[in-house]
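Chemist: I am attaching a structure below and will ask some questions about it afterwards.
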Amino acid sequence: MTRSLLPILFFVLVGLTLTGQSVTGRIVNEFDEPVPFANVYVRQLETGTVSDDEGRYTVNFRVDGTYELVFSSLGYASRAIQLNVGMEPTTYDVRLLTSGVELEEITVSAAQRDPAYAIIKQAIARKAEHLRAAESYRTQVYLKATEEITEGLPGSSAVEPESTAPAAPPHDPFAADERSKRELLAGLNMVEMDLRLNYTYPRKYKEERLAYADYGDIRGLFVPKFTETDFNFYRNLVHLPGIADAPVISPLSNTSVLTYAFALESTDLEDGSLVYRIRVTPRKTGNSTVEGWIYINEDNYAIDRLDFQFPTGGLVFSDEFGLSQRYRKSDDNGVWEVEQQVFRYHTRQGKRKQFRGTTTLSYRDYVYDYPFPEKFFGNEVAVTTAEAYTRDSTYWKFGRTVDLTPEERRMVYLRDSIEAVTNSRRYQDSIQELYNRVTLLDLVWDGVGFRNNDKKSHLYFAPVSSLIDFSPVGGWRIGPYVSNYRRYPDGRVLSVSGSVDIGIKNLDVQGKTVAWYRYDPFRLGDVSLWAGRAFESFNPNDAYLNQLRASNYFVKDEIRVGQQRELFNGFYVNTNIGLADRRPLTGYDTGNPLDGVIDDEGGTVDFQRYQALISNITLSYTPGQRYMREPNRKVVLGSNWPTFSLLHRRGWSGTLGSDIRFDYLQFAVEQDVTVGALGNSKYRAQVGRFLNSADLRFVDIKRFRDSDLLLYSDPLTTFQALDASLNTDDLFVEVHHIHHFNGALINNIPLLKKTRIKAVAGGGLLWLKDRNLRYQEVFAGVERVFKLGPRRRVRLGLYGIAADSTTGEAGMAYKVSFDLIDIWKQDWNF
């Protein structure tokens, strides 16, 4: 028994010997002030620790003996001591003297007590100073965005088996080269941009795009707009438009300690300055946190660089998205300025196809305190010069600050060569001749088109397969459609289309001509014309089933002209006036193949035929509307303010034989609001009434849509549990609201956050004065985004609605929605 205990006692004694030694102490300067975050380096172990914010340190040793400890901190003379370490803990206080001598280039790994929180605290305390370090500046930025498309399983390799087939023909090097070119063009897309970035405190940017070139399909490339976000992690929240549906909380936010855990991984001497490498880890996985590393410079606790991954659950298009930033200290004024930003994004399509993107921004030639002209910064946040799209290879050769890879250079050469050929007159004429050739497939399925490259016009005749159309009134109709489109060099556009059809059951002829002309591309100035005969719905926005009932229609012959124009930034005027001959469906056989499926017991609405001259004037204003100026157009980006609109509709009496008389006024306000990390809200509120209803007909009263049976409709314009169509000729108030939490609620539930579903809630209110009716509803649900391809996304939603009104009992309804994302706007419909 005694002999069996000896090995145990031996290992216990050895264990005590290996773990019992430690040295602790405090590092102060000659004024007895603590030296925070000083390096304590053990030469024999090639490791050490860092003192905390009070100058205290602890070093553990596994084996006793004599060790050399080096104490150092920037601005102090290094001090080395010999220390005998034994079984008993040792206390050793150190005094460092201020000195201009530089430190040795050493790396110290943190141990035991972690000073990362104190470093982050110091960085937070000085972030306002860094945000205001430069009141204004101008810098040149070169941007390169690339997307590589690969097929096959990552890391897989195929070994062809030995073939017993007859010998193959000799290798054709020309065919291999052509195949290589095709694969390169199909597998690499790129955008290059050279721009001048202007900035003034606190957050005003203006881009001047001096050069632009794109190669291939650029829809999957990320090109940031500085006015929407500057990816500045000195701010508490960093917004990610086009990347994620929720902003992320910065590790340097005032309350970051509640969101992140920090760990000091190393302290490095780089170019004479200490740089703290800090690991950033979210305390809870969510859609508003980042993960990675932030590097803090010890000089003034500025960001030296960072490398973050954004949460995958909130990404809009990508499966992965990361950002790296690198700063440098300006030689002119000591400001820590952005030197480079690199965005990395990755999307998968199935198990084999990979889309890997990289967007690099390289900054140079900072000019601080630049004397910008008065009113230089405003709502115009970006300008693309006319020369930007015509820069040649010589410009790019000297303008690039990030080299192209051999594959990128080869791709640019190939696409430039192809563009030179395709832009030639000979090629254009040959393509035009080929396109204008009529084939049987064109006649039956695709339609027949005739292109004129000189005039930039296109004449189109619809195919035979589209001659047949369905109408709720009388069923099938048959007739052709033709359109003509022309685009002018200065951006003006003219579009004219026409159709005529005949009802198979009633043999009635209908048709229309539609013309639209954009005469001022920058001010969005349009004029339009509509003329023809058609079946018109009493409520064009009614429930889908109601739209399939003949009782919802009447006949109109109408001519209508309209115009729209932006008078000044954000202020639009939209006017139209139309004269219509309205009559009921008397004499029409309204039966159709859906009669046995959809109930239409009410029958058609009978009324006396009359003439109606109606004008509409809509004024809308969005204060602070931001926009980009292109050579021939204006790109509206949005605003932080609501959009206000005022509509006046008048029915004219006596003019041009019109039989009606009424005046209707409506005021509306709508906005999309981001509520930090809690998600985003959208609302729309409107109030309206008929000021004059002396001769107001059934067609022109204000209507409210009946809800669909199972489908969830646009919650900003419709109600979800309204069980009947309502109307009024008096005062009404209508309010809609929806809030997408973007993971803010679900992420707090461990089991649910892995499903990537997101919570949504909202409600609506309707009040009709003439009926003394008040209807209200609230809804809540969950939504999830599914991939339909590398860039297509569909959002499926399931909702529960609770509704109540003054005229009925409270009730519940359940709905489902399908919403496709708008690729160009990078946003959902609601």
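Numbering starts fresh at 1 for the residues of each chain in the structure tokens, the chains themselves are lettered A, B, ... in the order given, and ligands are numbered from 1 as they appear.
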Using only C-alpha atoms, which protein or nucleic acid residues come within 12 Å of segment 631-635 of chain A? Drop anything in the same chain fewer than 4 positions from it, and give the result as an MDAnalysis selection string.

Modeler: chainID A and resid 209:210 379:390 487:493 518:525 566 569:570 625:627 824:825

Chemist: Can you list, as an MDAnalysis selection string, every protein, DNA or RNA residue that comes within 12 Å of Ile598 of chain A when you count only C-alpha atoms, leaving out same-chain residues fewer than 6 positions away?

Modeler: chainID A and resid 472 544:551 591:592

Chemist: What is the atom CA of Phe667 of chain A-atom CA of Lys682 of chain A distance in Å, reported with one decimal?

Modeler: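 The value is 17.4 Å.
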
Chemist: DSSP on the backbone: which residues in segment 212-287 of chain A end up as strand (DSSP E or B)? Give the answer as JSON, numbers by chain.

Modeler: {"A": [212, 213, 214, 215, 237, 238, 244, 248, 249, 260, 261, 262, 263, 264, 265, 266, 267, 268, 269, 270, 273, 274, 275, 276, 277, 278, 279, 280, 281, 282]}

Chemist: Could you pull out the helix (DSSP H, G or I) residues of segment 421-542 of chain A, going by DSSP on the backbone, and write them as a PyMOL selection string?

Modeler: chain A and resi 421-422+425-435+440-446+464-466

Chemist: Please produce a file of the residues just selected, as a PDB file, in the first residue's frame, where the atoms kept are N, CA, C and O atoms.

Modeler:
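Output (selection13.pdb):
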ATOM      1  N   VAL A 421     -14.438  45.622 -81.119  1.00  0.00           N
ATOM      2  CA  VAL A 421     -15.070  44.970 -82.268  1.00  0.00           C
ATOM      3  C   VAL A 421     -16.572  45.224 -82.284  1.00  0.00           C
ATOM      4  O   VAL A 421     -17.154  45.577 -83.310  1.00  0.00           O
ATOM      5  N   THR A 422     -17.213  45.030 -81.114  1.00  0.00           N
ATOM      6  CA  THR A 422     -18.672  45.160 -81.071  1.00  0.00           C
ATOM      7  C   THR A 422     -19.140  46.584 -81.289  1.00  0.00           C
ATOM      8  O   THR A 422     -20.291  46.802 -81.692  1.00  0.00           O
ATOM      9  N   ARG A 425     -18.743  49.817 -86.690  1.00  0.00           N
ATOM     10  CA  ARG A 425     -19.931  49.961 -87.525  1.00  0.00           C
ATOM     11  C   ARG A 425     -20.262  48.653 -88.254  1.00  0.00           C
ATOM     12  O   ARG A 425     -21.433  48.254 -88.366  1.00  0.00           O
ATOM     13  N   ARG A 426     -19.242  47.983 -88.713  1.00  0.00           N
ATOM     14  CA  ARG A 426     -19.458  46.735 -89.442  1.00  0.00           C
ATOM     15  C   ARG A 426     -20.142  45.695 -88.562  1.00  0.00           C
ATOM     16  O   ARG A 426     -21.089  45.014 -88.992  1.00  0.00           O
ATOM     17  N   TYR A 427     -19.637  45.582 -87.325  1.00  0.00           N
ATOM     18  CA  TYR A 427     -20.238  44.597 -86.416  1.00  0.00           C
ATOM     19  C   TYR A 427     -21.662  44.995 -86.060  1.00  0.00           C
ATOM     20  O   TYR A 427     -22.569  44.156 -86.034  1.00  0.00           O
ATOM     21  N   GLN A 428     -21.882  46.265 -85.745  1.00  0.00           N
ATOM     22  CA  GLN A 428     -23.214  46.734 -85.389  1.00  0.00           C
ATOM     23  C   GLN A 428     -24.213  46.474 -86.511  1.00  0.00           C
ATOM     24  O   GLN A 428     -25.342  46.050 -86.273  1.00  0.00           O
ATOM     25  N   ASP A 429     -23.797  46.727 -87.738  1.00  0.00           N
ATOM     26  CA  ASP A 429     -24.691  46.486 -88.879  1.00  0.00           C
ATOM     27  C   ASP A 429     -25.011  45.008 -89.024  1.00  0.00           C
ATOM     28  O   ASP A 429     -26.152  44.625 -89.332  1.00  0.00           O
ATOM     29  N   SER A 430     -24.003  44.148 -88.809  1.00  0.00           N
ATOM     30  CA  SER A 430     -24.236  42.712 -88.950  1.00  0.00           C
ATOM     31  C   SER A 430     -25.191  42.201 -87.867  1.00  0.00           C
ATOM     32  O   SER A 430     -26.064  41.377 -88.135  1.00  0.00           O
ATOM     33  N   ILE A 431     -25.009  42.694 -86.633  1.00  0.00           N
ATOM     34  CA  ILE A 431     -25.891  42.287 -85.541  1.00  0.00           C
ATOM     35  C   ILE A 431     -27.305  42.798 -85.788  1.00  0.00           C
ATOM     36  O   ILE A 431     -28.298  42.092 -85.551  1.00  0.00           O
ATOM     37  N   GLN A 432     -27.413  44.034 -86.268  1.00  0.00           N
ATOM     38  CA  GLN A 432     -28.729  44.580 -86.570  1.00  0.00           C
ATOM     39  C   GLN A 432     -29.428  43.763 -87.650  1.00  0.00           C
ATOM     40  O   GLN A 432     -30.619  43.459 -87.554  1.00  0.00           O
ATOM     41  N   GLU A 433     -28.677  43.389 -88.672  1.00  0.00           N
ATOM     42  CA  GLU A 433     -29.255  42.587 -89.756  1.00  0.00           C
ATOM     43  C   GLU A 433     -29.717  41.228 -89.229  1.00  0.00           C
ATOM     44  O   GLU A 433     -30.797  40.736 -89.588  1.00  0.00           O
ATOM     45  N   LEU A 434     -28.896  40.616 -88.369  1.00  0.00           N
ATOM     46  CA  LEU A 434     -29.257  39.317 -87.815  1.00  0.00           C
ATOM     47  C   LEU A 434     -30.471  39.429 -86.904  1.00  0.00           C
ATOM     48  O   LEU A 434     -31.381  38.585 -86.934  1.00  0.00           O
ATOM     49  N   TYR A 435     -30.513  40.470 -86.067  1.00  0.00           N
ATOM     50  CA  TYR A 435     -31.631  40.651 -85.138  1.00  0.00           C
ATOM     51  C   TYR A 435     -32.930  40.907 -85.891  1.00  0.00           C
ATOM     52  O   TYR A 435     -34.005  40.429 -85.502  1.00  0.00           O
ATOM     53  N   LEU A 440     -39.411  31.661 -87.410  1.00  0.00           N
ATOM     54  CA  LEU A 440     -40.663  31.064 -86.950  1.00  0.00           C
ATOM     55  C   LEU A 440     -40.769  31.131 -85.430  1.00  0.00           C
ATOM     56  O   LEU A 440     -41.856  31.375 -84.888  1.00  0.00           O
ATOM     57  N   LEU A 441     -39.643  30.946 -84.708  1.00  0.00           N
ATOM     58  CA  LEU A 441     -39.653  31.036 -83.252  1.00  0.00           C
ATOM     59  C   LEU A 441     -40.032  32.440 -82.800  1.00  0.00           C
ATOM     60  O   LEU A 441     -40.762  32.607 -81.810  1.00  0.00           O
ATOM     61  N   ASP A 442     -39.548  33.457 -83.511  1.00  0.00           N
ATOM     62  CA  ASP A 442     -39.926  34.837 -83.183  1.00  0.00           C
ATOM     63  C   ASP A 442     -41.432  35.030 -83.312  1.00  0.00           C
ATOM     64  O   ASP A 442     -42.077  35.630 -82.441  1.00  0.00           O
ATOM     65  N   LEU A 443     -41.989  34.547 -84.401  1.00  0.00           N
ATOM     66  CA  LEU A 443     -43.420  34.738 -84.652  1.00  0.00           C
ATOM     67  C   LEU A 443     -44.271  34.049 -83.591  1.00  0.00           C
ATOM     68  O   LEU A 443     -45.284  34.590 -83.144  1.00  0.00           O
ATOM     69  N   VAL A 444     -43.832  32.871 -83.165  1.00  0.00           N
ATOM     70  CA  VAL A 444     -44.665  32.071 -82.269  1.00  0.00           C
ATOM     71  C   VAL A 444     -44.436  32.422 -80.799  1.00  0.00           C
ATOM     72  O   VAL A 444     -45.394  32.512 -80.030  1.00  0.00           O
ATOM     73  N   TRP A 445     -43.166  32.654 -80.395  1.00  0.00           N
ATOM     74  CA  TRP A 445     -42.874  32.722 -78.963  1.00  0.00           C
ATOM     75  C   TRP A 445     -42.189  34.017 -78.514  1.00  0.00           C
ATOM     76  O   TRP A 445     -42.602  34.615 -77.514  1.00  0.00           O
ATOM     77  N   ASP A 446     -41.148  34.450 -79.202  1.00  0.00           N
ATOM     78  CA  ASP A 446     -40.353  35.578 -78.717  1.00  0.00           C
ATOM     79  C   ASP A 446     -40.885  36.940 -79.138  1.00  0.00           C
ATOM     80  O   ASP A 446     -40.625  37.940 -78.476  1.00  0.00           O
ATOM     81  N   VAL A 464     -47.427  35.386 -81.476  1.00  0.00           N
ATOM     82  CA  VAL A 464     -48.758  34.794 -81.577  1.00  0.00           C
ATOM     83  C   VAL A 464     -49.212  34.252 -80.223  1.00  0.00           C
ATOM     84  O   VAL A 464     -50.390  34.330 -79.867  1.00  0.00           O
ATOM     85  N   SER A 465     -48.275  33.728 -79.429  1.00  0.00           N
ATOM     86  CA  SER A 465     -48.634  33.145 -78.138  1.00  0.00           C
ATOM     87  C   SER A 465     -49.224  34.153 -77.164  1.00  0.00           C
ATOM     88  O   SER A 465     -49.915  33.766 -76.220  1.00  0.00           O
ATOM     89  N   SER A 466     -48.983  35.441 -77.368  1.00  0.00           N
ATOM     90  CA  SER A 466     -49.523  36.466 -76.464  1.00  0.00           C
ATOM     91  C   SER A 466     -50.754  37.153 -77.035  1.00  0.00           C
ATOM     92  O   SER A 466     -51.244  38.119 -76.440  1.00  0.00           O
TER      93      SER A 466
END

Chemist: For Ile218 of chain A, work out the shell of residues within 10 Å, counting only C-alpha atoms and skipping chain neighbours fewer than 3 positions away, then give it as a list in words.

Modeler: Ala145, Thr146, Glu147, Leu188, Asn189, Met190, Val191, Asp214, Tyr215, Leu221, Phe222 and Val223 of chain A

Chemist: Please compute the atom CA of Lys754 of chain A-atom CA of Ala813 of chain A distance, one decimal, in Å.

Modeler: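 Computing the Euclidean distance for atom CA of Lys754 of chain A and atom CA of Ala813 of chain A yields 27.6 Å.
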
Chemist: Excluding Gly55 of chain A and residues on its chain fewer than 3 positions from it, collect all residues at most 7 Å away from it, counting only C-alpha atoms, and give them as a list of chain:residue names.

Modeler: A:Arg26, A:Ile27, A:Val28, A:Pro34, A:Val35, A:Pro36, A:Phe37, A:Ser51, A:Asp52
